[in-house]
$ cat structure_37.cif   # mmCIF, C-alpha atoms
data_work
loop_
_atom_site.label_atom_id
_atom_site.label_comp_id
_atom_site.auth_asym_id
_atom_site.auth_seq_id
_atom_site.Cartn_x
_atom_site.Cartn_y
_atom_site.Cartn_z
CA MET L 282 21.32 7.68 8.53
CA ASN L 283 23.11 4.71 6.94
CA LEU L 284 20.83 3.47 4.17
CA PHE L 285 20.78 -0.19 3.19
CA TYR L 286 21.81 -0.83 -0.41
CA LYS L 287 22.64 -3.56 -2.90
CA GLN L 288 25.52 -3.20 -5.36
CA TYR L 289 25.13 -4.93 -8.73
CA SER L 290 28.44 -4.20 -10.44
CA GLN L 291 31.57 -2.09 -10.46
CA THR L 292 31.41 -1.31 -14.18
CA GLY L 293 31.31 2.28 -15.39
CA ARG L 294 29.92 5.36 -13.66
CA PRO L 295 27.89 4.84 -10.47
CA LEU L 296 24.10 4.82 -10.80
CA PHE L 297 21.91 4.89 -7.68
CA ILE L 298 18.24 3.87 -7.90
CA PHE L 299 15.59 4.82 -5.32
CA HIS L 300 12.15 3.19 -5.03
CA GLY L 301 8.69 4.61 -4.31
CA LEU L 302 6.32 4.61 -1.34
CA PHE L 303 5.84 1.21 0.37
CA GLY L 304 8.59 -0.14 -1.91
CA MET L 305 12.10 -1.43 -1.47
CA LEU L 306 15.27 -1.86 -3.47
CA ASP L 307 14.17 -5.22 -4.92
CA ASN L 308 11.41 -3.45 -6.88
CA TRP L 309 14.09 -2.35 -9.36
CA HIS L 310 15.99 -5.66 -9.46
CA ASN L 311 15.24 -6.58 -13.10
CA VAL L 312 16.10 -3.13 -14.41
CA ALA L 313 19.23 -2.97 -12.24
CA LEU L 314 20.43 -6.31 -13.61
CA GLN L 315 20.17 -5.04 -17.18
CA LEU L 316 21.87 -1.73 -16.41
CA ALA L 317 24.70 -3.37 -14.45
CA ALA L 318 26.57 -4.25 -17.65
CA ASP L 319 27.21 -0.57 -18.28
CA TYR L 320 27.04 1.14 -14.89
CA ALA L 321 28.03 0.52 -11.28
CA VAL L 322 24.43 0.10 -10.16
CA TYR L 323 23.21 0.44 -6.58
CA THR L 324 19.61 -0.03 -5.50
CA VAL L 325 18.78 1.57 -2.16
CA ASP L 326 16.14 1.30 0.58
CA LEU L 327 15.01 4.78 1.62
CA ARG L 328 14.48 5.56 5.30
CA ASN L 329 11.57 3.71 6.94
CA HIS L 330 11.54 1.21 4.05
CA GLY L 331 13.07 -2.21 3.44
CA GLN L 332 16.16 -2.84 5.56
CA SER L 333 17.08 0.81 6.10
CA PRO L 334 16.76 2.32 9.59
CA HIS L 335 13.47 3.56 10.99
CA SER L 336 12.90 7.12 12.13
CA ASP L 337 10.01 9.16 13.50
CA GLU L 338 11.08 11.93 11.12
CA MET L 339 10.51 11.66 7.39
CA ASN L 340 10.61 14.44 4.82
CA TYR L 341 12.39 15.04 1.54
CA SER L 342 15.10 17.26 2.99
CA LEU L 343 16.12 14.50 5.41
CA MET L 344 15.93 11.91 2.64
CA ALA L 345 18.22 14.08 0.50
CA ASP L 346 20.67 14.21 3.40
CA ASP L 347 20.51 10.40 3.63
CA ILE L 348 21.41 10.11 -0.06
CA ALA L 349 24.32 12.52 0.32
CA GLN L 350 25.61 10.55 3.31
CA LEU L 351 25.42 7.32 1.30
CA LEU L 352 27.49 8.74 -1.56
CA VAL L 353 30.08 10.12 0.84
CA SER L 354 30.29 6.79 2.69
CA LEU L 355 30.97 5.03 -0.63
CA LYS L 356 33.55 7.71 -1.55
CA TYR L 357 31.69 9.02 -4.59
CA GLU L 358 31.98 12.72 -5.28
CA LYS L 359 29.09 12.46 -7.76
CA ALA L 360 26.88 9.84 -9.42
CA HIS L 361 23.95 9.30 -11.74
CA ILE L 362 20.76 9.34 -9.67
CA LEU L 363 17.37 7.78 -10.51
CA GLY L 364 14.24 7.89 -8.37
CA HIS L 365 10.67 6.66 -8.89
CA SER L 366 7.55 8.26 -7.40
CA MET L 367 8.37 9.11 -3.76
CA GLY L 368 11.97 8.26 -4.60
CA GLY L 369 11.69 10.70 -7.50
CA LYS L 370 10.74 13.49 -5.13
CA ALA L 371 13.61 12.50 -2.85
CA VAL L 372 16.15 12.68 -5.68
CA MET L 373 14.72 15.97 -6.96
CA THR L 374 15.25 17.42 -3.49
CA PHE L 375 18.75 15.92 -3.43
CA ALA L 376 19.52 17.60 -6.77
CA LEU L 377 18.27 20.97 -5.55
CA LYS L 378 20.16 20.67 -2.25
CA TYR L 379 23.37 18.94 -3.44
CA PRO L 380 23.65 19.76 -7.18
CA ALA L 381 27.42 19.17 -7.33
CA MET L 382 26.95 15.51 -6.33
CA ILE L 383 24.96 14.56 -9.45
CA ASP L 384 26.17 13.59 -12.92
CA LYS L 385 22.74 13.13 -14.50
CA LEU L 386 19.32 12.95 -12.86
CA ILE L 387 16.39 10.71 -13.84
CA VAL L 388 12.93 11.15 -12.30
CA ALA L 389 10.46 8.35 -13.01
CA ASP L 390 6.75 9.17 -13.18
CA ILE L 391 6.41 11.95 -10.64
CA GLY L 392 6.25 15.73 -10.85
CA VAL L 393 6.99 18.60 -8.49
CA ARG L 394 3.40 19.43 -7.55
CA GLU L 395 1.53 18.46 -4.41
CA TYR L 396 -0.42 15.24 -4.87
CA ARG L 397 -3.75 14.38 -3.33
CA ARG L 398 -3.86 11.66 -0.71
CA GLY L 399 -4.11 8.37 -2.53
CA HIS L 400 -3.06 5.63 -0.12
CA ASP L 401 -5.57 5.88 2.73
CA GLU L 402 -7.18 2.56 1.79
CA ILE L 403 -3.80 0.88 2.30
CA PHE L 404 -3.22 2.55 5.66
CA ASP L 405 -6.79 1.69 6.73
CA ALA L 406 -6.17 -1.95 5.79
CA ILE L 407 -2.75 -2.56 7.34
CA ILE L 408 -2.52 -0.31 10.41
CA PRO L 409 -5.24 -2.17 12.39
CA LEU L 410 -3.73 -5.58 11.51
CA LYS L 411 -2.60 -7.58 14.53
CA LEU L 412 0.15 -9.49 12.77
CA GLU L 413 0.79 -11.72 15.77
CA THR L 414 -2.62 -13.36 15.24
CA PHE L 415 -1.73 -14.69 11.77
CA GLU L 416 0.13 -17.93 11.09
CA THR L 417 0.74 -17.68 7.34
CA ARG L 418 1.18 -15.04 4.67
CA GLY L 419 -1.84 -16.56 2.94
CA ASP L 420 -3.97 -15.86 6.02
CA ILE L 421 -2.96 -12.19 5.87
CA ASP L 422 -3.65 -12.06 2.14
CA ARG L 423 -7.14 -13.51 2.62
CA HIS L 424 -7.85 -11.01 5.40
CA LEU L 425 -6.76 -8.10 3.20
CA THR L 426 -8.61 -9.21 0.06
CA PRO L 427 -11.95 -7.49 0.87
CA LEU L 428 -10.08 -4.32 1.89
CA LEU L 429 -7.59 -4.28 -1.00
CA PRO L 430 -9.30 -6.18 -3.82
CA GLU L 431 -6.55 -5.52 -6.39
CA PHE L 432 -4.19 -8.51 -6.32
CA SER L 433 -1.10 -6.56 -7.45
CA THR L 434 -1.56 -3.99 -4.68
CA ARG L 435 -1.79 -6.71 -2.02
CA GLN L 436 1.28 -8.49 -3.34
CA PHE L 437 3.22 -5.23 -3.39
CA ILE L 438 2.33 -4.52 0.24
CA LEU L 439 2.88 -8.13 1.37
CA LYS L 440 6.47 -7.97 0.09
CA ASN L 441 7.05 -5.88 3.21
CA LEU L 442 6.27 -8.79 5.52
CA ALA L 443 9.07 -10.57 7.36
CA ARG L 444 9.29 -13.04 10.25
CA ASN L 445 11.06 -12.35 13.52
CA ALA L 446 13.09 -14.81 15.55
CA ASP L 447 10.03 -16.48 17.12
CA GLY L 448 8.35 -16.93 13.74
CA GLY L 449 5.86 -14.09 14.03
CA PHE L 450 5.28 -11.53 11.29
CA TYR L 451 6.36 -7.89 11.28
CA TRP L 452 6.47 -5.09 8.74
CA LYS L 453 9.90 -4.25 7.40
CA MET L 454 8.64 -0.75 6.64
CA ASN L 455 7.85 1.71 9.45
CA VAL L 456 4.11 1.92 8.83
CA GLU L 457 3.40 4.27 11.74
CA SER L 458 6.01 6.83 10.73
CA ILE L 459 5.06 6.70 7.05
CA TYR L 460 1.44 7.34 8.02
CA LYS L 461 2.33 10.14 10.43
CA ASN L 462 4.51 11.84 7.81
CA TYR L 463 2.27 11.19 4.82
CA GLU L 464 1.56 14.90 4.29
CA ASN L 465 5.31 15.40 3.84
CA ILE L 466 5.35 12.65 1.21
CA VAL L 467 2.60 14.18 -0.95
CA ALA L 468 3.98 17.70 -0.44
CA PRO L 469 5.28 19.74 -3.41
CA ILE L 470 8.95 20.18 -4.24
CA LYS L 471 10.02 23.80 -3.83
CA SER L 472 13.28 25.70 -4.11
CA ASP L 473 14.40 29.31 -4.49
CA LYS L 474 17.11 28.15 -6.88
CA PRO L 475 16.57 25.78 -9.82
CA TYR L 476 18.64 22.74 -10.70
CA THR L 477 20.45 23.28 -14.00
CA GLY L 478 21.98 19.84 -14.51
CA GLU L 479 20.87 17.39 -17.19
CA THR L 480 17.60 15.79 -16.15
CA LEU L 481 15.27 13.22 -17.69
CA PHE L 482 11.63 12.99 -16.59
CA LEU L 483 10.39 9.55 -17.59
CA ARG L 484 6.63 9.05 -17.47
CA GLY L 485 4.18 6.28 -18.25
CA GLY L 486 1.91 7.02 -21.19
CA LYS L 487 -1.14 5.75 -19.27
CA SER L 488 -0.16 7.41 -15.98
CA ARG L 489 -1.60 10.70 -14.74
CA TYR L 490 1.27 11.46 -12.36
CA VAL L 491 3.05 13.65 -14.94
CA THR L 492 0.69 15.41 -17.34
CA ASP L 493 1.46 17.88 -20.10
CA ASN L 494 0.10 20.60 -17.82
CA ASP L 495 2.74 19.72 -15.19
CA TRP L 496 5.65 20.48 -17.49
CA ALA L 497 5.70 24.27 -17.06
CA GLU L 498 6.09 23.95 -13.29
CA ILE L 499 8.66 21.16 -13.61
CA SER L 500 10.80 23.07 -16.09
CA LYS L 501 10.96 26.12 -13.82
CA LEU L 502 12.76 24.06 -11.16
CA PHE L 503 14.65 21.79 -13.57
CA THR L 504 15.75 24.11 -16.34
CA ASN L 505 17.79 21.57 -18.31
CA ALA L 506 15.16 18.82 -18.35
CA ARG L 507 13.64 16.74 -21.10
CA LEU L 508 10.52 14.55 -21.03
CA ALA L 509 10.24 11.00 -22.35
CA THR L 510 7.10 8.87 -22.40
CA ILE L 511 6.99 5.09 -22.11
CA GLU L 512 3.92 4.20 -24.16
CA ASP L 513 1.31 1.78 -22.77
CA ALA L 514 2.87 1.98 -19.27
CA GLY L 515 1.20 3.17 -16.10
CA HIS L 516 2.81 4.53 -12.95
CA TRP L 517 4.95 1.40 -12.46
CA VAL L 518 6.92 2.01 -15.65
CA HIS L 519 9.89 -0.15 -14.58
CA ALA L 520 7.69 -3.15 -13.79
CA GLU L 521 5.42 -2.85 -16.85
CA LYS L 522 8.00 -1.90 -19.49
CA PRO L 523 11.47 -2.75 -18.13
CA ALA L 524 13.18 -3.06 -21.53
CA GLU L 525 11.87 0.34 -22.63
CA VAL L 526 12.95 1.93 -19.34
CA VAL L 527 16.44 0.44 -19.64
CA ALA L 528 16.74 1.73 -23.21
CA ALA L 529 15.63 5.24 -22.21
CA VAL L 530 18.03 5.32 -19.25
CA LYS L 531 20.97 4.16 -21.40
CA GLU L 532 20.20 6.65 -24.14
CA PHE L 533 20.08 9.50 -21.64
CA LEU L 534 23.14 8.55 -19.60
CA GLY L 535 25.25 7.65 -22.63
#

$ encode --input "structure_37.cif" --output "structure tokens"
Amino acid sequence: MNLFYKQYSQTGRPLFIFHGLFGMLDNWHNVALQLAADYAVYTVDLRNHGQSPHSDEMNYSLMADDIAQLLVSLKYEKAHILGHSMGGKAVMTFALKYPAMIDKLIVADIGVREYRRGHDEIFDAIIPLKLETFETRGDIDRHLTPLLPEFSTRQFILKNLARNADGGFYWKMNVESIYKNYENIVAPIKSDKPYTGETLFLRGGKSRYVTDNDWAEISKLFTNARLATIEDAGHWVHAEKPAEVVAAVKEFLG
């Protein structure tokens, strides 16, 4: 699969950044801009997200293959790789499957364990939507407000809206496939062989996605890993504390 990407610069070693569930490459725009002075930064839409192709199949092994294909297509033998949340699980799988293609690995606020379902309220809100019946984005926002009361969640989801040639709305993400494959997305990361390359796990101090109790399991699969905490940040570390994330990434990559 040919993933859609945006290149920010041609300076230094390549650094590829992968977003989380329901996200897209623009989620990392501000961080990518700051890192582009030192690295050849690429932000990427994972399969079934943003402007990348849709597929009925979606699991981390396939997503790792997509990443490998992207690097080969751009003629990189190896690169720095960063992934957040679902993207973090994708890049962990990539590291375990294609270890020779990575310089250094950064995993943002996600561990290797299986996670409980946590997005059913979003699926329940957007799957029944008949987008063709809405005239404006504001109409859709007002419809979703009772179902998704948190403003930031609605705005995050509504970033996925686009208009087709006749002016009607559609989802850029493949909602049906993401829902069908959701068990694959929350599934644990497993491997018979650990990844021994340099790895940084970057967590939010207020997030519960990577706890102290998770570290033993993480370090079994990623034997050369260190843990850094961005204080006063939740799961969306790059949005809440971009300067601190940039500093931690630069310190680790060198």

$ residues_around --input "structure_37.cif" --residues "Ala381 (chain L)" --least-positions-apart "3" --cutoff "10 Å" --atoms "all atoms listed in the file" --output "compact mmCIF listing (two decimals) with C-alpha atoms, in the coordinates of the input"
# COMPACT_ATOMS: atom_id res chain seq x y z
CA GLU L 358 31.98 12.72 -5.28
CA LYS L 359 29.09 12.46 -7.76
CA ALA L 360 26.88 9.84 -9.42
CA ALA L 376 19.52 17.60 -6.77
CA LEU L 377 18.27 20.97 -5.55
CA LYS L 378 20.16 20.67 -2.25
CA ASP L 384 26.17 13.59 -12.92
CA GLY L 478 21.98 19.84 -14.51

$ residues_near_point --input "structure_37.cif" --point "(12.6, -0.9, 3.7)" --cutoff "6 Å" --atoms "all atoms listed in the file" --output "PyMOL selection string"
chain L and resi 305+326+329-333+453-454

$ closest_residue --input "structure_37.cif" --among "L:Ile438, L:Ile348, L:Ala389, L:Met339" --to "Thr510 (chain L)" --atoms "only C-alpha atoms"
L:Ala389

$ closest_residue --input "structure_37.cif" --among "L:Ile408, L:Leu316, L:Val322, L:Val393" --to "Thr374 (chain L)" --atoms "all atoms listed in the file"
L:Val393

$ closest_residue --input "structure_37.cif" --among "L:Asp347, L:Asp493, L:Glu457, L:Glu498" --to "Pro475 (chain L)" --atoms "only C-alpha atoms"
L:Glu498

$ residues_around --input "structure_37.cif" --residues "Asn455 (chain L)" --least-positions-apart "3" --cutoff "9 Å" --atoms "all atoms listed in the file" --output "number ranges by chain"
L: 328-331, 334-337, 452, 458-460

$ write_last_selection --input "structure_37.cif" --atoms "C-alpha atoms" --output "PDB file, in the frame of the given file"
ATOM      1  CA  ARG L 328      14.480   5.560   5.300  1.00  0.00           C
ATOM      2  CA  ASN L 329      11.570   3.710   6.940  1.00  0.00           C
ATOM      3  CA  HIS L 330      11.540   1.210   4.050  1.00  0.00           C
ATOM      4  CA  GLY L 331      13.070  -2.210   3.440  1.00  0.00           C
ATOM      5  CA  PRO L 334      16.760   2.320   9.590  1.00  0.00           C
ATOM      6  CA  HIS L 335      13.470   3.560  10.990  1.00  0.00           C
ATOM      7  CA  SER L 336      12.900   7.120  12.130  1.00  0.00           C
ATOM      8  CA  ASP L 337      10.010   9.160  13.500  1.00  0.00           C
ATOM      9  CA  TRP L 452       6.470  -5.090   8.740  1.00  0.00           C
ATOM     10  CA  SER L 458       6.010   6.830  10.730  1.00  0.00           C
ATOM     11  CA  ILE L 459       5.060   6.700   7.050  1.00  0.00           C
ATOM     12  CA  TYR L 460       1.440   7.340   8.020  1.00  0.00           C
TER      13      TYR L 460
END

$ residues_around --input "structure_37.cif" --residues "Val467 (chain L)" --least-positions-apart "3" --cutoff "7 Å" --atoms "only C-alpha atoms" --output "ChimeraX atom specification"
/L:395-398,463-464

$ atom_distance --input "structure_37.cif" --atom1 "CA of Ala446 (chain L)" --atom2 "CA of Leu410 (chain L)"
19.6 Å

$ resolve_selection --input "structure_37.cif" --expression "the PyMOL selection byres ((chain L and resi 302) around 9)" --output "ChimeraX atom specification"
/L:300-301,303-305,330,365-368,459,466

$ decode --input "structure_37.cif" --residues "region 336-348 of chain L" --atoms "all heavy atoms" --output "mmCIF file, in the first residue's frame"
data_model
loop_
_atom_site.group_PDB
_atom_site.id
_atom_site.type_symbol
_atom_site.label_atom_id
_atom_site.label_comp_id
_atom_site.auth_asym_id
_atom_site.auth_seq_id
_atom_site.Cartn_x
_atom_site.Cartn_y
_atom_site.Cartn_z
ATOM 1 N N SER L 336 -8.674 0.004 3.046
ATOM 2 C CA SER L 336 -8.574 -1.445 2.916
ATOM 3 C C SER L 336 -9.507 -2.100 3.915
ATOM 4 O O SER L 336 -9.700 -1.591 5.021
ATOM 5 C CB SER L 336 -7.133 -1.909 3.166
ATOM 6 O OG SER L 336 -7.055 -3.323 3.247
ATOM 7 N N ASP L 337 -10.074 -3.248 3.531
ATOM 8 C CA ASP L 337 -10.895 -4.011 4.472
ATOM 9 C C ASP L 337 -10.034 -4.653 5.551
ATOM 10 O O ASP L 337 -10.534 -5.014 6.611
ATOM 11 C CB ASP L 337 -11.683 -5.099 3.740
ATOM 12 C CG ASP L 337 -12.784 -4.525 2.864
ATOM 13 O OD1 ASP L 337 -13.243 -3.405 3.152
ATOM 14 O OD2 ASP L 337 -13.181 -5.194 1.896
ATOM 15 N N GLU L 338 -8.743 -4.807 5.270
ATOM 16 C CA GLU L 338 -7.836 -5.453 6.207
ATOM 17 C C GLU L 338 -7.036 -4.396 6.965
ATOM 18 O O GLU L 338 -6.524 -3.444 6.374
ATOM 19 C CB GLU L 338 -6.876 -6.393 5.481
ATOM 20 C CG GLU L 338 -7.556 -7.562 4.803
ATOM 21 C CD GLU L 338 -6.545 -8.459 4.124
ATOM 22 O OE1 GLU L 338 -5.904 -8.010 3.168
ATOM 23 O OE2 GLU L 338 -6.402 -9.626 4.574
ATOM 24 N N MET L 339 -6.911 -4.608 8.272
ATOM 25 C CA MET L 339 -6.169 -3.653 9.085
ATOM 26 C C MET L 339 -5.657 -4.361 10.332
ATOM 27 O O MET L 339 -6.433 -4.765 11.197
ATOM 28 C CB MET L 339 -7.056 -2.471 9.468
ATOM 29 C CG MET L 339 -6.314 -1.330 10.149
ATOM 30 S SD MET L 339 -7.389 0.100 10.419
ATOM 31 C CE MET L 339 -6.240 1.225 11.206
ATOM 32 N N ASN L 340 -4.354 -4.546 10.404
ATOM 33 C CA ASN L 340 -3.711 -5.073 11.601
ATOM 34 C C ASN L 340 -2.285 -4.552 11.622
ATOM 35 O O ASN L 340 -1.809 -3.957 10.645
ATOM 36 C CB ASN L 340 -3.766 -6.605 11.647
ATOM 37 C CG ASN L 340 -3.106 -7.245 10.443
ATOM 38 O OD1 ASN L 340 -1.916 -7.032 10.188
ATOM 39 N ND2 ASN L 340 -3.859 -8.037 9.683
ATOM 40 N N TYR L 341 -1.589 -4.757 12.719
ATOM 41 C CA TYR L 341 -0.274 -4.139 12.864
ATOM 42 C C TYR L 341 0.783 -4.760 11.961
ATOM 43 O O TYR L 341 1.719 -4.070 11.549
ATOM 44 C CB TYR L 341 0.155 -4.154 14.330
ATOM 45 C CG TYR L 341 -0.671 -3.210 15.166
ATOM 46 C CD1 TYR L 341 -1.421 -3.657 16.242
ATOM 47 C CD2 TYR L 341 -0.731 -1.852 14.847
ATOM 48 C CE1 TYR L 341 -2.192 -2.787 16.991
ATOM 49 C CE2 TYR L 341 -1.510 -0.974 15.578
ATOM 50 C CZ TYR L 341 -2.237 -1.443 16.656
ATOM 51 O OH TYR L 341 -3.012 -0.574 17.375
ATOM 52 N N SER L 342 0.651 -6.019 11.631
ATOM 53 C CA SER L 342 1.601 -6.621 10.709
ATOM 54 C C SER L 342 1.494 -5.981 9.330
ATOM 55 O O SER L 342 2.514 -5.651 8.707
ATOM 56 C CB SER L 342 1.356 -8.130 10.615
ATOM 57 O OG SER L 342 2.297 -8.735 9.744
ATOM 58 N N LEU L 343 0.277 -5.761 8.856
ATOM 59 C CA LEU L 343 0.081 -5.100 7.567
ATOM 60 C C LEU L 343 0.557 -3.650 7.617
ATOM 61 O O LEU L 343 1.153 -3.143 6.659
ATOM 62 C CB LEU L 343 -1.399 -5.144 7.171
ATOM 63 C CG LEU L 343 -1.941 -6.502 6.744
ATOM 64 C CD1 LEU L 343 -3.456 -6.420 6.550
ATOM 65 C CD2 LEU L 343 -1.275 -6.977 5.458
ATOM 66 N N MET L 344 0.308 -2.987 8.729
ATOM 67 C CA MET L 344 0.744 -1.599 8.857
ATOM 68 C C MET L 344 2.267 -1.504 8.875
ATOM 69 O O MET L 344 2.854 -0.568 8.324
ATOM 70 C CB MET L 344 0.127 -0.978 10.107
ATOM 71 C CG MET L 344 -1.391 -0.853 10.008
ATOM 72 S SD MET L 344 -2.231 -0.660 11.608
ATOM 73 C CE MET L 344 -2.047 1.091 11.867
ATOM 74 N N ALA L 345 2.927 -2.487 9.487
ATOM 75 C CA ALA L 345 4.387 -2.534 9.452
ATOM 76 C C ALA L 345 4.887 -2.722 8.028
ATOM 77 O O ALA L 345 5.874 -2.102 7.610
ATOM 78 C CB ALA L 345 4.892 -3.660 10.353
ATOM 79 N N ASP L 346 4.205 -3.574 7.268
ATOM 80 C CA ASP L 346 4.569 -3.766 5.859
ATOM 81 C C ASP L 346 4.408 -2.468 5.074
ATOM 82 O O ASP L 346 5.231 -2.149 4.200
ATOM 83 C CB ASP L 346 3.702 -4.858 5.223
ATOM 84 C CG ASP L 346 3.957 -6.241 5.813
ATOM 85 O OD1 ASP L 346 5.004 -6.429 6.475
ATOM 86 O OD2 ASP L 346 3.107 -7.129 5.598
ATOM 87 N N ASP L 347 3.340 -1.718 5.373
ATOM 88 C CA ASP L 347 3.115 -0.429 4.704
ATOM 89 C C ASP L 347 4.282 0.523 4.965
ATOM 90 O O ASP L 347 4.745 1.231 4.061
ATOM 91 C CB ASP L 347 1.821 0.223 5.207
ATOM 92 C CG ASP L 347 0.567 -0.546 4.859
ATOM 93 O OD1 ASP L 347 0.608 -1.390 3.945
ATOM 94 O OD2 ASP L 347 -0.467 -0.293 5.517
ATOM 95 N N ILE L 348 4.744 0.554 6.219
ATOM 96 C CA ILE L 348 5.853 1.444 6.584
ATOM 97 C C ILE L 348 7.121 1.034 5.840
ATOM 98 O O ILE L 348 7.853 1.880 5.310
ATOM 99 C CB ILE L 348 6.068 1.436 8.100
ATOM 100 C CG1 ILE L 348 4.834 2.013 8.816
ATOM 101 C CG2 ILE L 348 7.314 2.247 8.480
ATOM 102 C CD1 ILE L 348 4.855 1.839 10.325
#
